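Peer 1: Got a structure for you, questions after.
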Amino acid sequence: VLLLGLPGCGKSLTAKSIAKTWKFPLLRFDLGKVFGGIVGQSESNMRKALDVATTIAPCVLWIDEIEKGLSGLSSSDRTDGGTASRAFGTLLTWMQEKKEPVFVVATANNIESLPPELLRKGRFDEIFFVDLPSKEERKEILNIHITSKKRNPQNFNLELLAEKTSGLTGAEIGSIISDALFTSFSRQSDLTDIDIINERSKITPLSTVMAEKITSIRSWAKNRARMA
């Protein structure tokens with residue numbers, strides 16, 4: 001599967017959750033480390049990495065921000081003698097032909113950077129779009145983060161906080177709770193709803209900074225991906 005969406009919305013966490021739920025080993029494949037300076041080294045590194053995955057199978061192979069690892073693909077024939085294209089071809093063939101139970105989970109922030117041959121059925125069986133959390137999801141995220149700070153969620157108005165954190169990613173919600181905790185500590189009092197709301201007012205969320213980009217991604221995903 002390919003998980004497409006905004007940074008901080010839980011794509012990487014989903015990959016980890018899949019492995020934990022299935023009780024499979026999780027292998028993180030860093031495509032950037034594949035490429036070496038010696039002729040033939042990059043292709044060899046790619047084959048070795050894939051061999052490790054098939055040897056350990058059943059497992060989950062997590063490729064984080066796959067578009068960045070393949071960023072030089074379009075100009076490969078002019079800049080690196082086709083090395084990136086050959087390494088990418090090895091990955092494509094392996095994804096198509098592998099028989100071992102290696103479940104590939106890739107994440108991407110910018111789907112337009114990925115080559116179309118990677119997205120077809122047989123390589124990735126499904127593309128999921130991970131959008132900003134809904135109000136109910138924000139309540140759950142708040143619950144999790146407040147609990148992780150060893151505070152009782154029942155002492156907070158999660159309904160109000162979920163409403164006030166509209167437009168925030170899960171990572172941003174976690175960040176404002178941490179910042180609010182520092183504020184309350186400096187005041188020598190415990191964390192309150194007001195502290196969290198005040199911290200929310202101090203940040204400009206990604207949904208505002210990247211409003212046009214988010215609209216573009218949503219438009220692309222509407223008829224091409226499943227909503228996660």
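In the structure tokens, chains take letters A, B, ... by order of appearance, with residues numbered from 1 within each chain and ligands from 1 in the order shown.
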Find the residues near segment 106-108 of chain A: any atom within 9 Å, counting only C-alpha atoms, skip ones fewer than 5 places away on the same chain, and give them as a PDB file with N, CA and C atoms, in the first residue's frame.
Peer 2:
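Dumped everything to out.pdb:
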ATOM      1  N   VAL A   1       0.841  -1.188   0.000  1.00  0.00           N
ATOM      2  CA  VAL A   1       0.000   0.000   0.000  1.00  0.00           C
ATOM      3  C   VAL A   1       0.883   1.248   0.000  1.00  0.00           C
ATOM      4  N   LEU A   2       0.330   2.323  -0.565  1.00  0.00           N
ATOM      5  CA  LEU A   2       0.997   3.619  -0.549  1.00  0.00           C
ATOM      6  C   LEU A   2       0.123   4.570   0.254  1.00  0.00           C
ATOM      7  N   LEU A   3       0.706   5.222   1.246  1.00  0.00           N
ATOM      8  CA  LEU A   3      -0.015   6.166   2.087  1.00  0.00           C
ATOM      9  C   LEU A   3       0.369   7.582   1.682  1.00  0.00           C
ATOM     10  N   LEU A   4      -0.597   8.312   1.178  1.00  0.00           N
ATOM     11  CA  LEU A   4      -0.384   9.673   0.698  1.00  0.00           C
ATOM     12  C   LEU A   4      -1.062  10.649   1.649  1.00  0.00           C
ATOM     13  N   GLY A   5      -0.405  11.758   1.942  1.00  0.00           N
ATOM     14  CA  GLY A   5      -1.056  12.750   2.780  1.00  0.00           C
ATOM     15  C   GLY A   5      -0.098  13.788   3.315  1.00  0.00           C
ATOM     16  N   LEU A   6      -0.607  14.591   4.227  1.00  0.00           N
ATOM     17  CA  LEU A   6       0.168  15.688   4.784  1.00  0.00           C
ATOM     18  C   LEU A   6       1.150  15.198   5.831  1.00  0.00           C
ATOM     19  N   PRO A   7       2.260  15.893   5.990  1.00  0.00           N
ATOM     20  CA  PRO A   7       3.201  15.532   7.061  1.00  0.00           C
ATOM     21  C   PRO A   7       2.535  15.681   8.433  1.00  0.00           C
ATOM     22  N   LYS A  11       1.067   8.863   8.793  1.00  0.00           N
ATOM     23  CA  LYS A  11       1.382   7.856   7.772  1.00  0.00           C
ATOM     24  C   LYS A  11       2.440   6.870   8.275  1.00  0.00           C
ATOM     25  N   SER A  12       3.521   7.403   8.833  1.00  0.00           N
ATOM     26  CA  SER A  12       4.596   6.541   9.339  1.00  0.00           C
ATOM     27  C   SER A  12       4.108   5.694  10.505  1.00  0.00           C
ATOM     28  N   ALA A  15       2.312   2.612   9.310  1.00  0.00           N
ATOM     29  CA  ALA A  15       3.221   1.526   8.925  1.00  0.00           C
ATOM     30  C   ALA A  15       3.666   0.733  10.153  1.00  0.00           C
ATOM     31  N   LEU A  61       7.909  -4.101   5.051  1.00  0.00           N
ATOM     32  CA  LEU A  61       8.983  -3.247   4.554  1.00  0.00           C
ATOM     33  C   LEU A  61       8.440  -1.834   4.417  1.00  0.00           C
ATOM     34  N   TRP A  62       8.953  -0.934   5.241  1.00  0.00           N
ATOM     35  CA  TRP A  62       8.463   0.447   5.296  1.00  0.00           C
ATOM     36  C   TRP A  62       9.420   1.362   4.544  1.00  0.00           C
ATOM     37  N   ILE A  63       8.916   1.995   3.487  1.00  0.00           N
ATOM     38  CA  ILE A  63       9.704   2.954   2.704  1.00  0.00           C
ATOM     39  C   ILE A  63       9.138   4.339   2.992  1.00  0.00           C
ATOM     40  N   ASP A  64       9.822   5.102   3.827  1.00  0.00           N
ATOM     41  CA  ASP A  64       9.316   6.400   4.260  1.00  0.00           C
ATOM     42  C   ASP A  64       9.687   7.488   3.253  1.00  0.00           C
ATOM     43  N   GLU A  65       8.704   8.341   2.930  1.00  0.00           N
ATOM     44  CA  GLU A  65       8.899   9.447   1.988  1.00  0.00           C
ATOM     45  C   GLU A  65       9.590   8.957   0.713  1.00  0.00           C
ATOM     46  N   ILE A  66       8.930   8.049   0.058  1.00  0.00           N
ATOM     47  CA  ILE A  66       9.514   7.375  -1.107  1.00  0.00           C
ATOM     48  C   ILE A  66       9.832   8.351  -2.240  1.00  0.00           C
ATOM     49  N   GLU A  67       9.066   9.436  -2.349  1.00  0.00           N
ATOM     50  CA  GLU A  67       9.311  10.379  -3.452  1.00  0.00           C
ATOM     51  C   GLU A  67      10.655  11.076  -3.313  1.00  0.00           C
ATOM     52  N   LYS A  68      11.133  11.244  -2.079  1.00  0.00           N
ATOM     53  CA  LYS A  68      12.436  11.886  -1.881  1.00  0.00           C
ATOM     54  C   LYS A  68      13.565  10.927  -2.241  1.00  0.00           C
ATOM     55  N   LEU A 114       6.082  11.051  -8.033  1.00  0.00           N
ATOM     56  CA  LEU A 114       6.307   9.626  -8.247  1.00  0.00           C
ATOM     57  C   LEU A 114       6.018   9.234  -9.695  1.00  0.00           C
ATOM     58  N   PHE A 124       1.708  -1.341  -6.153  1.00  0.00           N
ATOM     59  CA  PHE A 124       0.934  -0.982  -4.967  1.00  0.00           C
ATOM     60  C   PHE A 124      -0.510  -1.383  -5.219  1.00  0.00           C
TER      61      PHE A 124
END
Peer 1: Pick out each residue of segment 69-137 of chain A that DSSP on the backbone tags as strand (DSSP E); I need them as a ChimeraX atom specification.
Peer 2: /A:102-108,127-130
Peer 1: Pick out the residues sitting within 10 Å of Trp94 of chain A, and hand them over as a list in words; count only C-alpha atoms, and ignore anything fewer than 3 positions along from it in its own chain.
Peer 2: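 So the residues in contact are Arg47, Leu50, Asp51, Phe88, Gly89, Thr90, Leu91, Glu97, Lys98, Lys99 and Arg123 of chain A.
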Peer 1: For those residues, write all heavy atoms to a file as a short mmCIF file (atom, residue, chain, number, x, y, z; two decimals), in the first residue's frame.
Peer 2:
data_model
loop_
_atom_site.label_atom_id
_atom_site.label_comp_id
_atom_site.auth_asym_id
_atom_site.auth_seq_id
_atom_site.Cartn_x
_atom_site.Cartn_y
_atom_site.Cartn_z
N ARG A 47 19.78 -4.64 -4.44
CA ARG A 47 19.50 -6.09 -4.43
C ARG A 47 19.75 -6.68 -3.05
O ARG A 47 18.99 -7.54 -2.58
CB ARG A 47 20.38 -6.79 -5.48
CG ARG A 47 19.93 -6.55 -6.92
CD ARG A 47 20.65 -7.46 -7.89
NE ARG A 47 22.07 -7.14 -7.98
CZ ARG A 47 22.58 -6.26 -8.85
NH1 ARG A 47 21.79 -5.64 -9.70
NH2 ARG A 47 23.88 -6.02 -8.89
N LEU A 50 16.85 -5.77 -0.68
CA LEU A 50 15.65 -6.54 -0.98
C LEU A 50 15.83 -8.01 -0.57
O LEU A 50 14.87 -8.66 -0.15
CB LEU A 50 15.29 -6.41 -2.45
CG LEU A 50 14.98 -4.98 -2.92
CD1 LEU A 50 14.72 -4.95 -4.42
CD2 LEU A 50 13.78 -4.41 -2.16
N ASP A 51 17.05 -8.52 -0.71
CA ASP A 51 17.35 -9.90 -0.29
C ASP A 51 17.16 -10.05 1.23
O ASP A 51 16.68 -11.09 1.70
CB ASP A 51 18.78 -10.29 -0.67
CG ASP A 51 18.93 -10.57 -2.16
OD1 ASP A 51 17.88 -10.76 -2.83
OD2 ASP A 51 20.07 -10.60 -2.66
N PHE A 88 15.98 1.76 -9.56
CA PHE A 88 14.53 1.82 -9.48
C PHE A 88 13.90 0.66 -10.23
O PHE A 88 12.91 0.07 -9.78
CB PHE A 88 14.07 3.16 -10.06
CG PHE A 88 12.58 3.31 -10.13
CD1 PHE A 88 11.80 3.25 -8.98
CD2 PHE A 88 11.96 3.52 -11.35
CE1 PHE A 88 10.42 3.40 -9.06
CE2 PHE A 88 10.58 3.67 -11.43
CZ PHE A 88 9.81 3.60 -10.28
N GLY A 89 14.47 0.31 -11.38
CA GLY A 89 13.97 -0.83 -12.14
C GLY A 89 14.05 -2.12 -11.36
O GLY A 89 13.15 -2.97 -11.43
N THR A 90 15.14 -2.28 -10.59
CA THR A 90 15.29 -3.46 -9.74
C THR A 90 14.18 -3.52 -8.69
O THR A 90 13.60 -4.59 -8.44
CB THR A 90 16.66 -3.44 -9.03
OG1 THR A 90 17.70 -3.43 -10.01
CG2 THR A 90 16.84 -4.64 -8.12
N LEU A 91 13.87 -2.37 -8.09
CA LEU A 91 12.81 -2.30 -7.09
C LEU A 91 11.45 -2.64 -7.71
O LEU A 91 10.66 -3.40 -7.13
CB LEU A 91 12.78 -0.91 -6.46
CG LEU A 91 11.65 -0.63 -5.45
CD1 LEU A 91 11.78 -1.56 -4.24
CD2 LEU A 91 11.66 0.83 -5.01
N GLU A 97 7.34 -9.20 -8.94
CA GLU A 97 7.59 -10.63 -9.06
C GLU A 97 7.78 -11.37 -7.74
O GLU A 97 7.79 -12.59 -7.72
CB GLU A 97 8.85 -10.86 -9.92
CG GLU A 97 8.78 -10.27 -11.32
CD GLU A 97 7.68 -10.92 -12.16
OE1 GLU A 97 7.36 -12.10 -11.90
OE2 GLU A 97 7.15 -10.25 -13.06
N LYS A 98 7.96 -10.67 -6.63
CA LYS A 98 8.27 -11.35 -5.36
C LYS A 98 7.16 -12.33 -4.97
O LYS A 98 5.97 -12.06 -5.14
CB LYS A 98 8.49 -10.34 -4.24
CG LYS A 98 7.26 -9.55 -3.83
CD LYS A 98 7.59 -8.57 -2.73
CE LYS A 98 6.42 -7.65 -2.41
NZ LYS A 98 5.24 -8.35 -1.92
N LYS A 99 7.58 -13.47 -4.44
CA LYS A 99 6.65 -14.50 -3.97
C LYS A 99 6.61 -14.55 -2.44
O LYS A 99 5.67 -15.08 -1.86
CB LYS A 99 7.07 -15.87 -4.51
CG LYS A 99 7.16 -15.94 -6.03
CD LYS A 99 5.82 -15.66 -6.70
CE LYS A 99 5.94 -15.78 -8.22
NZ LYS A 99 4.67 -15.40 -8.89
N ARG A 123 2.09 -3.31 -8.23
CA ARG A 123 3.18 -2.77 -7.42
C ARG A 123 2.60 -2.33 -6.08
O ARG A 123 2.91 -2.89 -5.05
CB ARG A 123 3.85 -1.59 -8.13
CG ARG A 123 5.06 -1.99 -9.02
CD ARG A 123 4.62 -2.48 -10.39
NE ARG A 123 5.69 -3.01 -11.20
CZ ARG A 123 6.09 -2.46 -12.35
NH1 ARG A 123 5.58 -1.31 -12.76
NH2 ARG A 123 7.00 -3.06 -13.09
#
Peer 1: So, with only C-alpha atoms as the atoms that count, which of A:Ser207, A:Asn109, A:Ser175, A:Ser201 lies closest to Phe129 of chain A?
Peer 2: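 Among A:Ser207, A:Asn109, A:Ser175, A:Ser201, it is A:Asn109 that comes nearest to Phe129 of chain A.
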Peer 1: Got a sec: who's within 8 Å of Met227 of chain A, counting only C-alpha atoms, leaving out chain neighbours fewer than 2 positions off, as a ChimeraX atom specification?
Peer 2: /A:128-131,225
Peer 1: Neighbours of Lys150 of chain A within 12 Å (only C-alpha atoms; same-chain residues fewer than 6 positions away dropped), as an MDAnalysis selection string?
Peer 2: chainID A and resid 143:144 177:178 181 190:191
Peer 1: Just give me the gap between atom CA of Ser85 of chain A and atom CA of Glu43 of chain A in Å, one decimal is fine.
Peer 2: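 Separation between atom CA of Ser85 of chain A and atom CA of Glu43 of chain A: 9.6 Å.
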Peer 1: Which of these residues is nearest to Lys20 of chain A, using only C-alpha atoms: A:Glu159, A:Val60, A:Glu140, A:Ser44?
Peer 2: A:Val60
Peer 1: If you count only C-alpha atoms, which residues fall within 8 Å of Ile173 of chain A, apart from same-chain ones fewer than 6 positions away, as a ChimeraX atom specification?
Peer 2: /A:141-142,165
Peer 1: Please dump the current selection as a short mmCIF file (atom, residue, chain, number, x, y, z; two decimals), in the first residue's frame; keep all heavy atoms.
Peer 2:
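Saved to again_6.cif:
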data_model
loop_
_atom_site.label_atom_id
_atom_site.label_comp_id
_atom_site.auth_asym_id
_atom_site.auth_seq_id
_atom_site.Cartn_x
_atom_site.Cartn_y
_atom_site.Cartn_z
N ILE A 141 -6.88 11.84 19.66
CA ILE A 141 -5.46 12.25 19.67
C ILE A 141 -5.15 13.03 20.94
O ILE A 141 -4.11 12.81 21.59
CB ILE A 141 -5.13 13.09 18.41
CG1 ILE A 141 -5.20 12.22 17.16
CG2 ILE A 141 -3.75 13.73 18.52
CD1 ILE A 141 -5.17 13.00 15.85
N LEU A 142 -6.03 13.94 21.31
CA LEU A 142 -5.85 14.71 22.55
C LEU A 142 -5.82 13.78 23.75
O LEU A 142 -4.98 13.94 24.65
CB LEU A 142 -7.00 15.73 22.69
CG LEU A 142 -6.92 16.97 21.80
CD1 LEU A 142 -8.30 17.61 21.64
CD2 LEU A 142 -5.92 17.97 22.35
N THR A 165 -8.86 22.93 18.09
CA THR A 165 -7.69 22.45 17.34
C THR A 165 -8.03 22.07 15.91
O THR A 165 -7.30 21.34 15.26
CB THR A 165 -7.05 21.24 18.05
OG1 THR A 165 -8.05 20.23 18.30
CG2 THR A 165 -6.42 21.65 19.37
#
Peer 1: May I have all residues of segment 12-210 of chain A that DSSP, computed from the backbone, assigns to alpha helix (DSSP H), given as a PyMOL selection string?
Peer 2: chain A and resi 12-22+41-56+66-69+76-79+83-97+116-119+135-148+158-164+170-186+193-202+206-209
